[in-house]
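Next comes final_4.cif, a file with mmCIF, C-alpha atoms.
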data_query
#
loop_
_atom_site.label_atom_id
_atom_site.label_comp_id
_atom_site.auth_asym_id
_atom_site.auth_seq_id
_atom_site.Cartn_x
_atom_site.Cartn_y
_atom_site.Cartn_z
CA MET G 1 -152.43 44.28 -50.72
CA ALA G 2 -149.13 44.11 -52.58
CA VAL G 3 -148.83 47.90 -52.29
CA LYS G 4 -149.02 47.66 -48.46
CA LYS G 5 -146.24 45.08 -48.37
CA ILE G 6 -144.05 47.19 -50.64
CA ALA G 7 -144.75 50.31 -48.51
CA TYR G 8 -143.72 48.42 -45.37
CA LEU G 9 -140.64 47.10 -47.13
CA VAL G 10 -139.63 50.52 -48.48
CA PHE G 11 -140.48 52.75 -45.48
CA VAL G 12 -140.68 50.74 -42.24
CA PHE G 13 -138.03 48.06 -42.76
CA PRO G 14 -135.11 50.56 -43.25
CA VAL G 15 -136.10 52.37 -40.05
CA ILE G 16 -136.08 49.15 -38.05
CA VAL G 17 -132.76 48.03 -39.53
CA SER G 18 -131.21 51.46 -38.86
CA LEU G 19 -132.29 51.37 -35.20
CA ILE G 20 -130.91 47.87 -34.71
CA PHE G 21 -127.62 48.69 -36.44
CA GLY G 22 -127.26 52.03 -34.56
CA GLY G 23 -127.93 50.30 -31.23
CA TYR G 24 -125.32 47.67 -32.00
CA VAL G 25 -122.67 50.28 -32.94
CA LEU G 26 -123.45 52.44 -29.89
CA SER G 27 -123.27 49.49 -27.50
CA ASP G 28 -119.97 48.42 -29.06
CA VAL G 29 -118.48 51.92 -28.66
CA LEU G 30 -119.72 52.29 -25.09
CA GLY G 31 -118.31 48.86 -24.27
CA GLN G 32 -114.78 50.18 -24.83
CA PRO G 33 -112.94 51.30 -21.67
CA GLY G 34 -113.07 55.00 -20.89
CA ARG G 35 -116.11 55.73 -23.10
CA GLN G 36 -119.28 57.37 -21.86
CA ILE G 37 -122.17 59.40 -23.17
CA ASN G 38 -122.08 63.04 -22.12
CA MET G 39 -125.39 64.45 -23.24
CA TRP G 40 -125.41 67.22 -20.60
CA GLN G 41 -122.64 69.44 -21.97
CA PHE G 42 -123.95 72.74 -20.68
CA GLN G 43 -121.61 74.93 -18.68
CA PHE G 44 -123.17 76.62 -15.70
CA ALA G 45 -121.84 79.77 -14.12
CA PRO G 46 -119.65 78.90 -11.15
CA HIS G 47 -120.90 79.67 -7.66
CA ILE G 48 -119.26 82.95 -6.77
CA GLY G 49 -117.95 83.16 -3.20
CA GLN G 50 -118.76 79.58 -2.14
CA GLN G 51 -115.87 77.48 -0.88
CA GLU G 52 -115.61 73.87 -2.00
CA GLY G 53 -113.19 71.26 -0.76
CA ASN G 54 -111.97 69.90 2.53
CA ALA G 55 -113.62 71.35 5.64
CA GLN G 56 -110.25 71.29 7.46
CA ILE G 57 -108.95 74.19 5.38
CA ARG G 58 -110.79 77.50 4.78
CA LEU G 59 -110.15 80.80 3.04
CA LEU G 60 -110.63 83.72 5.44
CA ASN G 61 -111.72 87.28 4.60
CA LEU G 62 -112.53 86.32 1.02
CA VAL G 63 -115.07 88.57 -0.69
CA SER G 64 -117.05 87.33 -3.68
CA ASN G 65 -116.66 90.54 -5.74
CA TYR G 66 -113.56 92.68 -6.17
CA THR G 67 -112.85 95.72 -8.29
CA VAL G 68 -110.04 95.86 -10.83
CA SER G 69 -106.64 96.79 -9.36
CA THR G 70 -107.78 96.08 -5.79
CA PRO G 71 -105.53 93.71 -3.80
CA LEU G 72 -107.13 90.37 -2.91
CA ASN G 73 -106.40 90.32 0.81
CA PHE G 74 -107.28 86.96 2.29
CA SER G 75 -105.64 84.29 4.40
CA VAL G 76 -105.96 80.56 5.04
CA ARG G 77 -106.97 78.71 8.21
CA VAL G 78 -106.00 75.04 8.62
CA ASN G 79 -107.75 73.14 11.43
CA ASN G 80 -105.85 69.85 11.07
CA THR G 81 -102.62 69.76 13.07
CA SER G 82 -101.25 66.85 11.05
CA PHE G 83 -100.44 69.46 8.37
CA ASP G 84 -98.40 71.58 10.81
CA CYS G 85 -95.07 72.73 9.34
CA GLY G 86 -96.23 71.72 5.87
CA ASP G 87 -96.20 73.67 2.62
CA LEU G 88 -98.98 76.01 1.48
CA TYR G 89 -99.64 76.61 -2.22
CA LEU G 90 -101.96 79.43 -3.34
CA THR G 91 -102.99 79.61 -7.00
CA ILE G 92 -105.40 81.87 -8.87
CA TYR G 93 -106.77 80.60 -12.19
CA ASN G 94 -108.51 82.60 -14.90
CA GLN G 95 -111.89 80.89 -15.47
CA ASN G 96 -112.47 82.92 -18.67
CA THR G 97 -109.86 80.96 -20.64
CA SER G 98 -110.02 77.39 -21.83
CA PRO G 99 -108.05 75.61 -20.46
CA LYS G 100 -107.80 77.57 -17.23
CA GLN G 101 -104.60 79.61 -17.07
CA ILE G 102 -102.66 80.45 -13.94
CA VAL G 103 -102.70 84.16 -13.13
CA VAL G 104 -100.83 84.11 -9.79
CA GLN G 105 -99.13 81.30 -7.91
CA HIS G 106 -97.24 81.41 -4.61
CA ALA G 107 -95.71 78.75 -2.39
CA TYR G 108 -95.10 79.19 1.33
CA PHE G 109 -92.86 76.52 2.81
CA THR G 110 -92.71 75.21 6.40
CA GLN G 111 -95.86 76.84 7.71
CA CYS G 112 -95.88 75.91 11.42
CA PHE G 113 -99.26 77.05 12.75
CA ALA G 114 -100.38 74.57 15.42
CA GLN G 115 -98.59 76.02 18.42
CA THR G 116 -99.85 79.59 17.92
CA ASN G 117 -103.07 78.75 16.02
CA ALA G 118 -101.94 81.23 13.36
CA VAL G 119 -103.54 81.97 10.02
CA LEU G 120 -101.48 81.30 6.92
CA PRO G 121 -99.24 82.45 5.34
CA ILE G 122 -97.25 83.06 8.51
CA GLN G 123 -95.42 86.40 8.68
CA ASP G 124 -96.33 87.10 5.08
CA THR G 125 -99.31 88.33 3.08
CA PHE G 126 -100.90 87.08 -0.09
CA SER G 127 -102.47 90.08 -1.79
CA PRO G 128 -102.18 89.86 -5.56
CA VAL G 129 -103.74 92.48 -7.81
CA ILE G 130 -105.81 91.39 -10.83
CA ASP G 131 -106.16 93.96 -13.60
CA THR G 132 -108.55 92.13 -15.93
CA PRO G 133 -112.28 91.77 -15.18
CA GLY G 134 -113.66 88.24 -15.12
CA ILE G 135 -114.27 85.20 -12.97
CA TYR G 136 -111.28 83.70 -11.19
CA GLN G 137 -110.79 80.53 -9.15
CA ILE G 138 -108.66 80.57 -6.01
CA VAL G 139 -107.16 77.26 -4.88
CA ALA G 140 -105.37 76.82 -1.55
CA GLU G 141 -103.58 73.51 -1.04
CA MET G 142 -101.78 72.46 2.13
CA LYS G 143 -99.35 69.53 2.06
CA ASP G 144 -97.95 67.82 5.14
CA LYS G 145 -94.23 67.67 6.01
CA THR G 146 -93.69 64.49 4.01
CA ASN G 147 -95.67 65.69 0.93
CA GLN G 148 -97.71 62.48 1.18
CA ASN G 149 -101.08 64.01 2.13
CA SER G 150 -102.79 67.21 1.10
CA ILE G 151 -106.00 69.12 1.70
CA SER G 152 -107.36 71.86 -0.49
CA VAL G 153 -110.14 74.38 -0.81
CA MET G 154 -111.28 76.41 -3.80
CA ALA G 155 -113.55 79.38 -4.32
CA ASN G 156 -114.61 81.49 -7.28
CA ILE G 157 -114.49 85.29 -7.22
CA ARG G 158 -115.58 87.96 -9.66
CA VAL G 159 -113.35 90.90 -10.57
CA GLN G 160 -115.27 93.85 -12.05
#

So that I can check it, write out the structure of this file as structure tokens.
Amino acid sequence: MAVKKIAYLVFVFPVIVSLIFGGYVLSDVLGQPGRQINMWQFQFAPHIGQQEGNAQIRLLNLVSNYTVSTPLNFSVRVNNTSFDCGDLYLTIYNQNTSPKQIVVQHAYFTQCFAQTNAVLPIQDTFSPVIDTPGIYQIVAEMKDKTNQNSISVMANIRVQ
């Protein structure tokens, strides 16, 4: 009988105390602002060719796969006239680096498209050439005349 009590004291009691102490420490840490548990830290392959973002701005003629040294010929369509005569920013990020690094970035100012329903950039082309294979993210951001509001769209492409 005394052996059972000693076994419980030696083996079960430390487990119970450890669980209670660990729960207390974890709840204290998670009670601090900006703390969270991130147990799902897997990185999934990005969706190649799918556009994500505001439905009022779209990338046109974008292909999901390109070959090395082939120009990326695409344009942007904005369907919200409140962004008429605003500024367009096009950026390509390298998804293979951490943190993402900018490969190409262009700004097109005063893009007035509403009257002619033109695609952007107006009277210009955005056709950069990427020489390194990998997965790249294209981000198109349109700001209004006052730079107060913006809409954006992003898509991932593969260069082989």

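If all atoms listed in the file are the atoms counted, then among G:Ser64, G:Ser75, G:Asn149, G:Val25 the closest residue to Gln123 of chain G is G:Ser75.
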
Using 4 Å of padding on each side, determine the axis-aligned box around all atoms of segment 54-61 of chain G present in the file and give its centre and edge lengths in Å to one decimal, as AutoDock Vina command-line options.
--center_x -111.3 --center_y 78.6 --center_z 5.0 --size_x 12.7 --size_y 25.4 --size_z 12.9

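The neighbours of segment 100-103 of chain G here are the residues that come within 9 Å of it, using only C-alpha atoms and leaving out any residue fewer than 5 positions away in the same chain; they are Thr91, Ile92, Tyr93, Asn94, Gln95, Ile130 and Tyr136 of chain G.
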
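Those residues that approach Met154 of chain G to within 7 Å, counting only C-alpha atoms, are Gln51, Glu52, Gly53, Gln137, Ile138, Val139 and Ala140 of chain G; same-chain residues fewer than 5 positions away are not listed.
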
Applying the PyMOL selection byres ((chain G and resi 150) around 10) to the file I just gave you, which residues come out? Please list them as a PDB file with C-alpha atoms, keeping the file's coordinate frame.
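Writing the result to expr_8.pdb gives the following:
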ATOM      1  CA  ASN G  54    -111.970  69.900   2.530  1.00  0.00           C
ATOM      2  CA  PHE G  83    -100.440  69.460   8.370  1.00  0.00           C
ATOM      3  CA  GLY G  86     -96.230  71.720   5.870  1.00  0.00           C
ATOM      4  CA  ASP G  87     -96.200  73.670   2.620  1.00  0.00           C
ATOM      5  CA  LEU G  88     -98.980  76.010   1.480  1.00  0.00           C
ATOM      6  CA  GLU G 141    -103.580  73.510  -1.040  1.00  0.00           C
ATOM      7  CA  MET G 142    -101.780  72.460   2.130  1.00  0.00           C
ATOM      8  CA  LYS G 143     -99.350  69.530   2.060  1.00  0.00           C
ATOM      9  CA  ASP G 144     -97.950  67.820   5.140  1.00  0.00           C
ATOM     10  CA  LYS G 145     -94.230  67.670   6.010  1.00  0.00           C
ATOM     11  CA  THR G 146     -93.690  64.490   4.010  1.00  0.00           C
ATOM     12  CA  ASN G 147     -95.670  65.690   0.930  1.00  0.00           C
ATOM     13  CA  GLN G 148     -97.710  62.480   1.180  1.00  0.00           C
ATOM     14  CA  ASN G 149    -101.080  64.010   2.130  1.00  0.00           C
ATOM     15  CA  ILE G 151    -106.000  69.120   1.700  1.00  0.00           C
ATOM     16  CA  SER G 152    -107.360  71.860  -0.490  1.00  0.00           C
TER      17      SER G 152
END

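Of the listed residues G:Gln105, G:Gln32, G:Thr116, G:Thr67, the one whose atoms come nearest to Ile135 of chain G is G:Thr67, with distances taken using all atoms listed in the file.
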
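Our summary of the geometry notes that atom CA of Thr70 of chain G is positioned 22.3 Å from atom CA of Tyr108 of chain G.
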
Problem - Using all atoms listed in the file: which of G:Asn156, G:Ser18, G:Asn73, G:Asn79 has the shortest distance to Ala118 of chain G - result: G:Asn79

Could you add all heavy atoms to segment 107-118 of chain G and give me the result as a PDB file, in the frame of the given file?
ATOM      1  N   ALA G 107     -95.935  79.880  -3.291  1.00  0.00           N
ATOM      2  CA  ALA G 107     -95.710  78.750  -2.390  1.00  0.00           C
ATOM      3  C   ALA G 107     -95.101  79.287  -1.100  1.00  0.00           C
ATOM      4  O   ALA G 107     -94.216  80.145  -1.133  1.00  0.00           O
ATOM      5  CB  ALA G 107     -94.774  77.737  -3.024  1.00  0.00           C
ATOM      6  N   TYR G 108     -95.604  78.803   0.009  1.00  0.00           N
ATOM      7  CA  TYR G 108     -95.100  79.190   1.330  1.00  0.00           C
ATOM      8  C   TYR G 108     -94.688  77.899   2.030  1.00  0.00           C
ATOM      9  O   TYR G 108     -95.521  77.049   2.339  1.00  0.00           O
ATOM     10  CB  TYR G 108     -96.179  79.912   2.129  1.00  0.00           C
ATOM     11  CG  TYR G 108     -96.670  81.164   1.446  1.00  0.00           C
ATOM     12  CD1 TYR G 108     -97.803  81.126   0.629  1.00  0.00           C
ATOM     13  CD2 TYR G 108     -96.000  82.364   1.591  1.00  0.00           C
ATOM     14  CE1 TYR G 108     -98.248  82.264  -0.016  1.00  0.00           C
ATOM     15  CE2 TYR G 108     -96.452  83.507   0.947  1.00  0.00           C
ATOM     16  CZ  TYR G 108     -97.567  83.453   0.153  1.00  0.00           C
ATOM     17  OH  TYR G 108     -98.011  84.578  -0.494  1.00  0.00           O
ATOM     18  N   PHE G 109     -93.388  77.753   2.271  1.00  0.00           N
ATOM     19  CA  PHE G 109     -92.860  76.520   2.810  1.00  0.00           C
ATOM     20  C   PHE G 109     -92.752  76.568   4.327  1.00  0.00           C
ATOM     21  O   PHE G 109     -92.572  77.632   4.916  1.00  0.00           O
ATOM     22  CB  PHE G 109     -91.485  76.228   2.185  1.00  0.00           C
ATOM     23  CG  PHE G 109     -91.547  76.125   0.682  1.00  0.00           C
ATOM     24  CD1 PHE G 109     -90.989  77.105  -0.116  1.00  0.00           C
ATOM     25  CD2 PHE G 109     -92.185  75.057   0.079  1.00  0.00           C
ATOM     26  CE1 PHE G 109     -91.059  77.016  -1.499  1.00  0.00           C
ATOM     27  CE2 PHE G 109     -92.262  74.958  -1.296  1.00  0.00           C
ATOM     28  CZ  PHE G 109     -91.694  75.941  -2.085  1.00  0.00           C
ATOM     29  N   THR G 110     -92.844  75.419   4.953  1.00  0.00           N
ATOM     30  CA  THR G 110     -92.710  75.210   6.400  1.00  0.00           C
ATOM     31  C   THR G 110     -93.591  76.181   7.174  1.00  0.00           C
ATOM     32  O   THR G 110     -93.113  77.049   7.896  1.00  0.00           O
ATOM     33  CB  THR G 110     -91.236  75.343   6.834  1.00  0.00           C
ATOM     34  OG1 THR G 110     -90.418  74.636   5.906  1.00  0.00           O
ATOM     35  CG2 THR G 110     -91.030  74.745   8.207  1.00  0.00           C
ATOM     36  N   GLN G 111     -94.880  76.015   7.017  1.00  0.00           N
ATOM     37  CA  GLN G 111     -95.860  76.840   7.710  1.00  0.00           C
ATOM     38  C   GLN G 111     -96.281  76.154   9.008  1.00  0.00           C
ATOM     39  O   GLN G 111     -97.164  75.315   9.017  1.00  0.00           O
ATOM     40  CB  GLN G 111     -97.077  77.070   6.808  1.00  0.00           C
ATOM     41  CG  GLN G 111     -96.775  77.826   5.538  1.00  0.00           C
ATOM     42  CD  GLN G 111     -96.464  79.274   5.799  1.00  0.00           C
ATOM     43  OE1 GLN G 111     -97.283  80.013   6.333  1.00  0.00           O
ATOM     44  NE2 GLN G 111     -95.268  79.693   5.445  1.00  0.00           N
ATOM     45  N   CYS G 112     -95.598  76.500  10.111  1.00  0.00           N
ATOM     46  CA  CYS G 112     -95.880  75.910  11.420  1.00  0.00           C
ATOM     47  C   CYS G 112     -96.922  76.767  12.137  1.00  0.00           C
ATOM     48  O   CYS G 112     -96.625  77.873  12.584  1.00  0.00           O
ATOM     49  CB  CYS G 112     -94.605  75.795  12.241  1.00  0.00           C
ATOM     50  SG  CYS G 112     -93.360  74.750  11.457  1.00  0.00           S
ATOM     51  N   PHE G 113     -98.138  76.266  12.242  1.00  0.00           N
ATOM     52  CA  PHE G 113     -99.260  77.050  12.750  1.00  0.00           C
ATOM     53  C   PHE G 113     -99.899  76.482  14.002  1.00  0.00           C
ATOM     54  O   PHE G 113    -100.645  77.171  14.687  1.00  0.00           O
ATOM     55  CB  PHE G 113    -100.338  77.161  11.670  1.00  0.00           C
ATOM     56  CG  PHE G 113    -100.874  75.834  11.217  1.00  0.00           C
ATOM     57  CD1 PHE G 113    -101.924  75.218  11.877  1.00  0.00           C
ATOM     58  CD2 PHE G 113    -100.314  75.176  10.141  1.00  0.00           C
ATOM     59  CE1 PHE G 113    -102.403  73.994  11.475  1.00  0.00           C
ATOM     60  CE2 PHE G 113    -100.797  73.956   9.722  1.00  0.00           C
ATOM     61  CZ  PHE G 113    -101.842  73.349  10.395  1.00  0.00           C
ATOM     62  N   ALA G 114     -99.635  75.240  14.358  1.00  0.00           N
ATOM     63  CA  ALA G 114    -100.380  74.570  15.420  1.00  0.00           C
ATOM     64  C   ALA G 114    -100.127  75.166  16.793  1.00  0.00           C
ATOM     65  O   ALA G 114    -101.051  75.310  17.593  1.00  0.00           O
ATOM     66  CB  ALA G 114    -100.056  73.076  15.437  1.00  0.00           C
ATOM     67  N   GLN G 115     -98.919  75.528  17.082  1.00  0.00           N
ATOM     68  CA  GLN G 115     -98.590  76.020  18.420  1.00  0.00           C
ATOM     69  C   GLN G 115     -99.229  77.372  18.709  1.00  0.00           C
ATOM     70  O   GLN G 115     -99.699  77.618  19.813  1.00  0.00           O
ATOM     71  CB  GLN G 115     -97.064  76.112  18.571  1.00  0.00           C
ATOM     72  CG  GLN G 115     -96.613  76.305  19.993  1.00  0.00           C
ATOM     73  CD  GLN G 115     -95.102  76.167  20.107  1.00  0.00           C
ATOM     74  OE1 GLN G 115     -94.382  76.270  19.118  1.00  0.00           O
ATOM     75  NE2 GLN G 115     -94.626  75.933  21.305  1.00  0.00           N
ATOM     76  N   THR G 116     -99.291  78.252  17.716  1.00  0.00           N
ATOM     77  CA  THR G 116     -99.850  79.590  17.920  1.00  0.00           C
ATOM     78  C   THR G 116    -101.241  79.747  17.333  1.00  0.00           C
ATOM     79  O   THR G 116    -101.830  80.820  17.438  1.00  0.00           O
ATOM     80  CB  THR G 116     -98.927  80.647  17.292  1.00  0.00           C
ATOM     81  OG1 THR G 116     -98.817  80.376  15.893  1.00  0.00           O
ATOM     82  CG2 THR G 116     -97.564  80.651  17.947  1.00  0.00           C
ATOM     83  N   ASN G 117    -101.770  78.709  16.677  1.00  0.00           N
ATOM     84  CA  ASN G 117    -103.070  78.750  16.020  1.00  0.00           C
ATOM     85  C   ASN G 117    -103.143  79.922  15.036  1.00  0.00           C
ATOM     86  O   ASN G 117    -104.133  80.655  14.962  1.00  0.00           O
ATOM     87  CB  ASN G 117    -104.204  78.826  17.053  1.00  0.00           C
ATOM     88  CG  ASN G 117    -105.526  78.439  16.440  1.00  0.00           C
ATOM     89  OD1 ASN G 117    -105.580  77.733  15.443  1.00  0.00           O
ATOM     90  ND2 ASN G 117    -106.600  78.918  17.031  1.00  0.00           N
ATOM     91  N   ALA G 118    -102.070  80.095  14.269  1.00  0.00           N
ATOM     92  CA  ALA G 118    -101.940  81.230  13.360  1.00  0.00           C
ATOM     93  C   ALA G 118    -102.650  80.964  12.039  1.00  0.00           C
ATOM     94  O   ALA G 118    -102.868  79.825  11.646  1.00  0.00           O
ATOM     95  CB  ALA G 118    -100.459  81.499  13.094  1.00  0.00           C
TER      96      ALA G 118
END
